[in-house]
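**Q** For reference, the file data.tsv (TSV, C-alpha atoms) is included below:
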```tsv
chain	number	residue	atom	x	y	z
A	1	MET	CA	0.00	0.00	0.00
A	2	LEU	CA	2.89	2.30	0.84
A	3	LYS	CA	4.60	1.78	-2.51
A	4	GLN	CA	1.41	2.26	-4.47
A	5	ARG	CA	0.53	5.50	-2.68
A	6	PHE	CA	3.91	7.13	-3.26
A	7	GLY	CA	4.08	5.87	-6.82
A	8	THR	CA	0.79	7.69	-7.45
A	9	ALA	CA	2.25	10.88	-5.99
A	10	LEU	CA	5.23	10.66	-8.30
A	11	LEU	CA	3.06	10.13	-11.34
A	12	ALA	CA	1.03	13.18	-10.39
A	13	LEU	CA	4.29	15.11	-10.38
A	14	GLY	CA	5.12	13.85	-13.85
A	15	MET	CA	8.13	11.82	-12.66
A	16	SER	CA	9.46	8.42	-13.53
A	17	THR	CA	9.50	5.91	-10.70
A	18	ALA	CA	12.58	4.15	-12.10
A	19	PHE	CA	14.82	5.16	-9.21
A	20	PHE	CA	12.25	4.62	-6.44
A	21	VAL	CA	12.14	1.57	-4.21
A	22	ALA	CA	9.88	1.30	-1.18
A	23	THR	CA	10.48	-1.11	1.65
A	24	PRO	CA	7.54	-1.25	4.07
A	25	SER	CA	8.37	-2.65	7.47
A	26	GLY	CA	5.19	-3.24	9.38
A	27	ALA	CA	1.85	-1.70	8.51
A	28	GLU	CA	1.35	-0.18	11.96
A	29	ALA	CA	4.85	1.33	12.31
A	30	GLU	CA	4.94	4.41	14.52
A	31	THR	CA	7.46	6.44	12.51
A	32	SER	CA	7.78	6.56	8.73
A	33	VAL	CA	11.22	7.43	7.37
A	34	ALA	CA	12.11	8.36	3.78
A	35	LEU	CA	15.72	8.54	2.62
A	36	VAL	CA	16.62	10.50	-0.53
A	37	LEU	CA	20.02	9.67	-2.05
A	38	PRO	CA	21.84	11.56	-4.81
A	39	GLY	CA	23.84	8.46	-5.73
A	40	SER	CA	23.67	4.67	-5.83
A	41	ILE	CA	23.19	2.37	-2.85
A	42	ALA	CA	25.88	0.24	-4.53
A	43	ASP	CA	28.58	2.93	-4.45
A	44	GLY	CA	30.43	1.14	-1.66
A	45	GLY	CA	30.63	4.31	0.41
A	46	TRP	CA	28.61	7.47	1.02
A	47	ASN	CA	25.15	6.37	-0.17
A	48	ALA	CA	25.57	2.71	0.69
A	49	GLY	CA	26.23	3.52	4.33
A	50	ALA	CA	23.06	5.58	4.74
A	51	TYR	CA	21.03	2.84	3.07
A	52	GLN	CA	22.46	0.29	5.53
A	53	GLY	CA	21.14	2.42	8.38
A	54	LEU	CA	17.70	2.50	6.79
A	55	LYS	CA	17.76	-1.29	6.40
A	56	LYS	CA	18.53	-1.68	10.09
A	57	LEU	CA	15.39	0.27	10.95
A	58	GLU	CA	13.32	-2.27	9.04
A	59	GLY	CA	13.98	-4.83	11.74
A	60	SER	CA	11.97	-2.79	14.24
A	61	ASP	CA	8.19	-2.55	14.46
A	62	ASP	CA	8.64	1.13	15.29
A	63	PHE	CA	9.50	2.12	11.72
A	64	ARG	CA	8.46	1.82	8.12
A	65	THR	CA	10.85	3.00	5.44
A	66	ALA	CA	11.24	4.03	1.82
A	67	PHE	CA	14.06	5.42	-0.25
A	68	SER	CA	14.98	6.90	-3.62
A	69	GLU	CA	18.45	6.54	-5.10
A	70	ASN	CA	20.29	8.24	-7.99
A	71	VAL	CA	18.06	11.30	-7.69
A	72	SER	CA	19.37	14.12	-9.86
A	73	GLN	CA	19.78	17.64	-8.52
A	74	ALA	CA	16.87	18.80	-10.67
A	75	ASP	CA	14.52	16.09	-9.35
A	76	ILE	CA	15.39	16.32	-5.65
A	77	PRO	CA	12.80	19.01	-4.76
A	78	ARG	CA	9.96	17.05	-6.35
A	79	VAL	CA	10.99	13.79	-4.71
A	80	VAL	CA	11.26	15.41	-1.28
A	81	ARG	CA	7.88	17.09	-1.63
A	82	GLY	CA	6.41	13.81	-2.84
A	83	TYR	CA	7.44	12.07	0.38
A	84	ALA	CA	6.25	15.03	2.44
A	85	ASP	CA	2.88	15.06	0.69
A	86	ASP	CA	2.58	11.36	1.45
A	87	GLY	CA	2.93	12.18	5.15
A	88	TYR	CA	6.32	10.73	6.03
A	89	ASP	CA	7.28	11.68	9.58
A	90	LEU	CA	10.98	12.08	8.76
A	91	ILE	CA	12.65	12.86	5.47
A	92	ILE	CA	16.43	12.48	5.32
A	93	GLY	CA	18.35	14.18	2.53
A	94	HIS	CA	21.80	12.66	2.21
A	95	GLY	CA	24.29	15.23	0.97
A	96	PHE	CA	25.11	18.89	0.41
A	97	GLN	CA	22.34	19.05	-2.22
A	98	PHE	CA	19.73	19.28	0.56
A	99	GLY	CA	21.09	22.22	2.55
A	100	SER	CA	19.23	25.21	1.15
A	101	LEU	CA	16.39	23.02	-0.09
A	102	PHE	CA	15.34	21.84	3.37
A	103	ALA	CA	15.45	25.40	4.71
A	104	GLU	CA	13.03	26.32	1.93
A	105	ILE	CA	10.71	23.30	2.01
A	106	SER	CA	10.43	22.37	5.70
A	107	PRO	CA	8.26	25.37	6.74
A	108	ASP	CA	5.61	24.12	4.30
A	109	TYR	CA	5.33	20.89	6.35
A	110	PRO	CA	5.42	21.96	10.02
A	111	ASP	CA	4.22	18.59	11.34
A	112	GLN	CA	7.10	16.67	9.77
A	113	LYS	CA	10.84	16.50	10.41
A	114	PHE	CA	13.68	17.06	7.95
A	115	PHE	CA	17.31	16.07	8.42
A	116	ALA	CA	20.10	16.89	5.98
A	117	THR	CA	23.52	15.29	6.32
A	118	THR	CA	25.19	18.56	5.44
A	119	SER	CA	25.91	21.89	7.07
A	120	ALA	CA	23.16	24.44	7.51
A	121	PRO	CA	22.93	27.15	4.85
A	122	GLY	CA	24.34	30.46	5.97
A	123	GLY	CA	22.48	33.71	6.25
A	124	SER	CA	19.15	32.45	7.52
A	125	GLU	CA	17.59	30.90	10.62
A	126	ILE	CA	17.18	27.13	10.61
A	127	PRO	CA	13.47	26.15	10.59
A	128	SER	CA	12.28	24.58	13.84
A	129	ASN	CA	11.48	21.23	12.17
A	130	ALA	CA	14.78	20.93	10.28
A	131	MET	CA	18.13	19.71	11.56
A	132	TYR	CA	21.51	19.74	9.88
A	133	LEU	CA	24.79	17.94	10.49
A	134	ASP	CA	28.23	19.15	11.32
A	135	ALA	CA	30.04	16.15	9.83
A	136	ARG	CA	33.43	17.40	11.01
A	137	TYR	CA	34.90	17.13	7.53
A	138	PRO	CA	37.88	19.35	8.41
A	139	ASP	CA	38.72	16.91	11.20
A	140	VAL	CA	38.71	13.77	9.06
A	141	ALA	CA	40.67	15.53	6.31
A	142	TYR	CA	43.30	16.59	8.84
A	143	GLY	CA	43.48	13.05	10.20
A	144	ALA	CA	43.76	11.51	6.73
A	145	GLY	CA	46.54	13.88	5.70
A	146	THR	CA	48.49	13.17	8.87
A	147	LEU	CA	48.08	9.42	8.48
A	148	ALA	CA	49.05	9.50	4.80
A	149	ALA	CA	52.30	11.25	5.68
A	150	HIS	CA	53.10	8.70	8.39
A	151	VAL	CA	52.28	5.77	6.09
A	152	SER	CA	54.31	7.01	3.09
A	153	LYS	CA	57.39	4.87	2.58
A	154	SER	CA	59.15	7.24	0.19
A	155	GLY	CA	58.39	10.41	2.11
A	156	ASN	CA	58.10	12.24	-1.22
A	157	ALA	CA	54.40	12.88	-1.79
A	158	VAL	CA	50.83	11.81	-1.01
A	159	GLY	CA	47.61	12.68	-2.81
A	160	VAL	CA	43.84	12.98	-2.55
A	161	VAL	CA	41.22	12.53	-5.28
A	162	GLY	CA	38.13	14.74	-4.91
A	163	GLY	CA	34.69	14.27	-6.44
A	164	GLY	CA	32.33	17.18	-7.05
A	165	ASP	CA	33.95	20.60	-7.28
A	166	ASN	CA	32.20	22.29	-4.36
A	167	PRO	CA	33.26	24.18	-1.22
A	168	ILE	CA	33.36	21.04	0.95
A	169	THR	CA	35.64	19.19	-1.47
A	170	GLN	CA	37.86	22.22	-1.87
A	171	MET	CA	38.13	22.65	1.89
A	172	MET	CA	38.89	18.99	2.56
A	173	THR	CA	41.53	18.65	-0.13
A	174	GLY	CA	43.21	21.83	1.10
A	175	ILE	CA	43.35	20.59	4.70
A	176	PHE	CA	44.59	17.16	3.59
A	177	LYS	CA	47.50	18.70	1.71
A	178	ALA	CA	48.39	21.06	4.53
A	179	SER	CA	48.23	18.44	7.29
A	180	ALA	CA	50.28	15.94	5.27
A	181	GLU	CA	52.96	18.52	4.65
A	182	ALA	CA	52.95	19.49	8.34
A	183	ALA	CA	53.27	15.88	9.49
A	184	GLY	CA	55.92	14.77	6.99
A	185	ASP	CA	59.41	16.22	6.75
A	186	GLY	CA	59.58	17.62	3.23
A	187	ILE	CA	56.59	15.64	1.96
A	188	LYS	CA	54.39	17.15	-0.78
A	189	GLY	CA	50.60	17.02	-0.73
A	190	TYR	CA	48.74	16.76	-4.04
A	191	ALA	CA	45.04	17.07	-4.82
A	192	ILE	CA	42.99	16.54	-7.98
A	193	ILE	CA	39.30	17.45	-7.93
A	194	THR	CA	37.67	15.55	-10.77
A	195	GLY	CA	34.36	17.41	-10.70
A	196	ASP	CA	32.43	14.12	-10.65
A	197	TYR	CA	31.36	11.69	-7.94
A	198	ASN	CA	30.23	8.96	-10.34
A	199	ASP	CA	33.01	8.38	-12.88
A	200	ALA	CA	35.47	5.63	-11.94
A	201	ALA	CA	37.63	6.33	-15.00
A	202	LYS	CA	38.29	9.87	-13.79
A	203	GLY	CA	39.33	8.49	-10.42
A	204	ARG	CA	41.79	6.06	-11.98
A	205	GLU	CA	43.27	8.82	-14.10
A	206	ALA	CA	43.65	11.17	-11.14
A	207	SER	CA	45.42	8.51	-9.08
A	208	ALA	CA	47.77	7.71	-11.94
A	209	THR	CA	48.65	11.37	-12.41
A	210	MET	CA	49.62	11.90	-8.77
A	211	ILE	CA	51.49	8.60	-8.56
A	212	GLY	CA	53.37	9.63	-11.68
A	213	ASN	CA	54.40	12.76	-9.78
A	214	GLY	CA	55.80	10.75	-6.88
A	215	ALA	CA	52.84	10.10	-4.57
A	216	ASP	CA	52.87	6.66	-2.96
A	217	VAL	CA	49.74	7.07	-0.77
A	218	ILE	CA	46.31	8.00	-2.18
A	219	TRP	CA	43.17	9.03	-0.28
A	220	HIS	CA	39.83	9.90	-1.88
A	221	ILE	CA	36.57	11.73	-1.13
A	222	ALA	CA	34.78	10.77	-4.32
A	223	ASP	CA	32.21	7.92	-4.07
A	224	ILE	CA	32.23	5.87	-7.32
A	225	THR	CA	34.98	8.09	-8.71
A	226	GLY	CA	36.82	7.15	-5.53
A	227	ILE	CA	36.43	3.45	-6.26
A	228	GLY	CA	38.26	4.11	-9.52
A	229	ALA	CA	40.92	6.01	-7.57
A	230	VAL	CA	41.40	3.02	-5.27
A	231	GLU	CA	41.63	0.57	-8.16
A	232	GLY	CA	43.98	2.82	-10.11
A	233	ALA	CA	46.30	3.38	-7.17
A	234	ALA	CA	46.37	-0.32	-6.28
A	235	SER	CA	47.21	-1.29	-9.87
A	236	LYS	CA	50.35	0.84	-9.59
A	237	GLY	CA	51.37	-0.52	-6.21
A	238	ALA	CA	50.48	2.55	-4.16
A	239	THR	CA	49.06	2.46	-0.65
A	240	VAL	CA	45.43	3.55	-0.35
A	241	ILE	CA	43.38	5.07	2.44
A	242	GLY	CA	39.71	4.26	1.90
A	243	MET	CA	36.82	6.60	2.62
A	244	PHE	CA	33.16	6.55	3.69
A	245	ALA	CA	32.99	2.72	3.94
A	246	ASP	CA	35.36	-0.11	4.78
A	247	GLN	CA	36.95	-0.57	1.37
A	248	LYS	CA	39.34	-3.39	2.22
A	249	GLU	CA	37.80	-5.75	-0.33
A	250	LEU	CA	38.51	-3.36	-3.22
A	251	ALA	CA	42.26	-3.85	-2.77
A	252	PRO	CA	43.13	-5.96	0.30
A	253	ASP	CA	46.90	-5.74	-0.25
A	254	ASN	CA	46.91	-1.98	-0.79
A	255	ILE	CA	44.30	-0.56	1.59
A	256	ALA	CA	46.00	0.60	4.77
A	257	VAL	CA	42.79	1.62	6.53
A	258	SER	CA	39.44	3.22	5.73
A	259	PHE	CA	37.82	6.21	7.37
A	260	VAL	CA	34.27	4.95	7.67
A	261	SER	CA	31.56	7.60	7.79
A	262	ASN	CA	28.99	6.29	10.24
A	263	ASN	CA	26.11	7.18	7.93
A	264	ALA	CA	24.23	4.10	9.06
A	265	GLY	CA	24.46	5.27	12.65
A	266	LEU	CA	23.34	8.78	11.72
A	267	VAL	CA	20.23	7.53	9.93
A	268	GLU	CA	19.35	5.23	12.81
A	269	GLU	CA	19.96	7.82	15.49
A	270	VAL	CA	17.93	10.60	13.87
A	271	ALA	CA	15.04	8.20	13.20
A	272	LYS	CA	15.09	7.21	16.87
A	273	MET	CA	15.07	10.89	17.86
A	274	VAL	CA	11.86	11.40	15.90
A	275	ASN	CA	10.34	8.20	17.24
A	276	SER	CA	11.09	9.14	20.85
A	277	GLY	CA	10.16	12.81	20.50
A	278	SER	CA	13.71	13.99	21.20
A	279	PHE	CA	14.40	15.44	17.74
A	280	GLU	CA	15.71	18.99	18.19
A	281	GLY	CA	15.12	21.08	15.09
A	282	GLY	CA	16.42	24.52	14.42
A	283	LYS	CA	20.07	23.62	14.84
A	284	SER	CA	23.07	21.66	13.60
A	285	TRP	CA	23.90	18.37	15.31
A	286	VAL	CA	27.58	17.92	16.21
A	287	PRO	CA	28.21	14.26	17.11
A	288	GLU	CA	31.40	13.03	18.74
A	289	LEU	CA	34.24	12.51	16.27
A	290	THR	CA	34.56	8.84	17.20
A	291	PHE	CA	30.85	8.31	16.50
A	292	LEU	CA	30.98	10.06	13.14
A	293	TRP	CA	34.20	8.53	11.83
A	294	LEU	CA	35.44	5.00	12.44
A	295	THR	CA	38.72	3.46	11.31
A	296	SER	CA	38.51	-0.03	9.88
A	297	TYR	CA	40.29	-2.71	7.87
A	298	GLY	CA	37.88	-5.61	7.77
A	299	SER	CA	37.75	-7.13	11.25
A	300	ASP	CA	40.88	-5.20	12.25
A	301	GLN	CA	41.31	-1.53	13.02
A	302	TYR	CA	44.04	-1.12	10.38
A	303	ASN	CA	46.32	-3.10	8.04
A	304	LYS	CA	49.41	-3.93	10.08
A	305	ASP	CA	51.31	-4.91	6.94
A	306	LEU	CA	51.14	-1.32	5.72
A	307	ILE	CA	50.95	0.74	8.92
A	308	SER	CA	53.64	0.31	11.54
A	309	ASP	CA	52.81	0.41	15.24
A	310	ASP	CA	54.75	3.68	15.52
A	311	ALA	CA	52.90	5.29	12.61
A	312	TRP	CA	49.53	4.25	14.06
A	313	SER	CA	50.47	5.60	17.50
A	314	GLN	CA	51.45	8.95	15.99
A	315	PHE	CA	48.18	9.10	14.10
A	316	GLN	CA	46.15	8.16	17.17
A	317	ARG	CA	47.70	10.97	19.20
A	318	THR	CA	46.73	13.44	16.47
A	319	TRP	CA	43.25	11.91	16.10
A	320	ASN	CA	42.60	12.19	19.83
A	321	ASP	CA	43.78	15.80	19.88
A	322	ILE	CA	41.43	16.62	17.00
A	323	GLY	CA	38.51	14.97	18.80
A	324	THR	CA	39.09	16.91	22.02
A	325	GLY	CA	39.57	20.20	20.21
A	326	LYS	CA	43.23	20.52	21.11
A	327	ILE	CA	43.95	20.67	17.37
A	328	ASN	CA	41.92	23.15	15.32
A	329	SER	CA	41.79	21.34	11.99
A	330	LYS	CA	40.40	24.30	10.06
A	331	SER	CA	43.26	26.61	10.95
A	332	ILE	CA	45.96	24.59	9.18
A	333	ALA	CA	44.77	25.57	5.71
A	334	GLU	CA	44.18	29.24	6.50
```
Show how you would write the structure in this file as structure tokens.
**A**
Amino acid sequence: MLKQRFGTALLALGMSTAFFVATPSGAEAETSVALVLPGSIADGGWNAGAYQGLKKLEGSDDFRTAFSENVSQADIPRVVRGYADDGYDLIIGHGFQFGSLFAEISPDYPDQKFFATTSAPGGSEIPSNAMYLDARYPDVAYGAGTLAAHVSKSGNAVGVVGGGDNPITQMMTGIFKASAEAAGDGIKGYAIITGDYNDAAKGREASATMIGNGADVIWHIADITGIGAVEGAASKGATVIGMFADQKELAPDNIAVSFVSNNAGLVEEVAKMVNSGSFEGGKSWVPELTFLWLTSYGSDQYNKDLISDDAWSQFQRTWNDIGTGKINSKSIAE
């Protein structure tokens, strides 16, 4: 019944339902949650993690869920309004694409909640039924740059592959370069922003370019483009730091560790806030660094064949100082 009702709403809006999948989880669920994704649930990272959180909610009688994937920028407003018109209690927009949009749309639906996994738009008050996320991107970029420098065997250069050319990507690549150069004696930090989150070939090319210039460690912030970056770096024998999800299986012999964005935890936690009545709109949520970002290499915390105990200890000291605020990650690139 849920799928049919929303499908009707989409048709009324003149949209194709090709990218919509609904997953009802109990007809009498207390809280309905809709997740809107700009990319694929099979991207092995950013979108896949959020989808995993939605799937976990399905195991509870307290929730029913639905999601849309691969939603283009142009279609996002119509999809969000479609879910809102269908009465979903919580609509989660996963990415920077939802920042200004939720500030605009949420006042039209005062009885519903909106959560965007991006920073709040500047220059205006956050609506009382909308909440944003401080994902601490400067912090993870600082940590990744520091770790890359410690992991580099040559000590010559390390690099990062960026996806979409936007302020967040520009900020993160800048901090990565600066922190790597601060942590390594004479090391050079490189960055290539491909302008695309969904083109693996561009990722492979970017990795190859930086490796050709002497980089022996590659990080990425680029979704499917990032998968190409991992594959390209591994094919040339470089060490790779994964991002957004545990990417060990992409290149087990080359992945040193992955910074795992706890998108699943974010989706679950916000849904539980709405279900319990503890959702606090009108602000940005700032979770603990160790909740937001996990380090993983399969069942281990990191790949001991590629990261020495000393290098990991140095990184951990920096990571702890970032988490406590002793290190101001934003200031390094200023």
**Q** Set the distance at 7 Å and use all atoms listed in the file: which residues neighbour range 310-323 of chain A once local chain neighbours fewer than 4 positions away are removed? I'd like the list as a ChimeraX atom specification.
**A** /A:139,143,146-147,150-151,289,327-329
**Q** Identify which of the residues A:Ile187, A:Ala222, A:Ala245, A:Leu250 lies closest to Lys153 in chain A, counting all atoms listed in the file when measuring atom-to-atom distances.
**A**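 Selected residue with least distance to Lys153 in chain A: A:Ile187.
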**Q** Between A:Phe291, A:Tyr197, A:Tyr109, A:Phe244, which one has atoms that come closest to Gly39 in chain A, using all atoms listed in the file?
**A**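 That would be A:Tyr197, the residue with the smallest distance to Gly39 in chain A.
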**Q** Considering all atoms listed in the file, state which residue in the set A:Tyr190, A:Gly163, A:Lys283, A:Ala135 is at the smallest distance from Pro121 in chain A.
**A**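 Closest candidate: A:Lys283.
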**Q** Could you jot down the CA of Gly155 in chain A to CA of Ala234 in chain A separation for me, Å, one decimal place?
**A**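 A separation of 18.2 Å between them.
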**Q** Mind pulling up the distance from CA of Phe96 in chain A to CA of Asp165 in chain A?
**A**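 Computing the Euclidean distance for CA of Asp165 in chain A and CA of Phe96 in chain A yields 11.8 Å.
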**Q** May I ask for the distance between CA of Ser331 in chain A and CA of Val161 in chain A, given in Å to one decimal place?
**A** 21.6 Å
**Q** Out of A:Thr239, A:Ser276, A:Gln247, A:Asn47, which residue has the shortest atom-to-atom distance to Ile92 in chain A when counting all atoms listed in the file?
**A**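 That would be A:Asn47, the residue with the smallest distance to Ile92 in chain A.
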**Q** Go through A:Leu57, A:Val71, A:Leu292, A:Ile168 and flag the residue nearest Ile221 in chain A, using only C-alpha atoms for the distances.
**A**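 Checking each candidate against Ile221 in chain A, we get A:Ile168 as the closest.
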**Q** Choose the residue, out of A:Ala271, A:Val160, A:Ile41, A:Ala34, that has the smallest atom-to-atom separation from Ala229 in chain A; count only C-alpha atoms.
**A**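 The answer is A:Val160, which sits nearest to Ala229 in chain A.
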**Q** Anything within 10 Å of (17.1, 0.6, 7.0): list those residues as a list in words, counting all atoms listed in the file and sticking to the file's coordinates.
**A**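 Returned residue set, sorted by chain then number, is Thr23, Ser25, Val33, Ala34, Leu35, Gly49, Ala50, Tyr51, Gln52, Gly53, Leu54, Lys55, Lys56, Leu57, Glu58, Gly59, Ser60, Phe63, Arg64, Thr65, Ala66, Phe67, Ala264, Val267 and Glu268 of chain A.
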**Q** Need to verify the contact set: Leu306 in chain A, 9 Å, all atoms listed in the file, exclusion of same-chain residues closer than 5 positions in sequence. Can you return it as a PyMOL selection string?
**A** chain A and resi 151+239+253-257
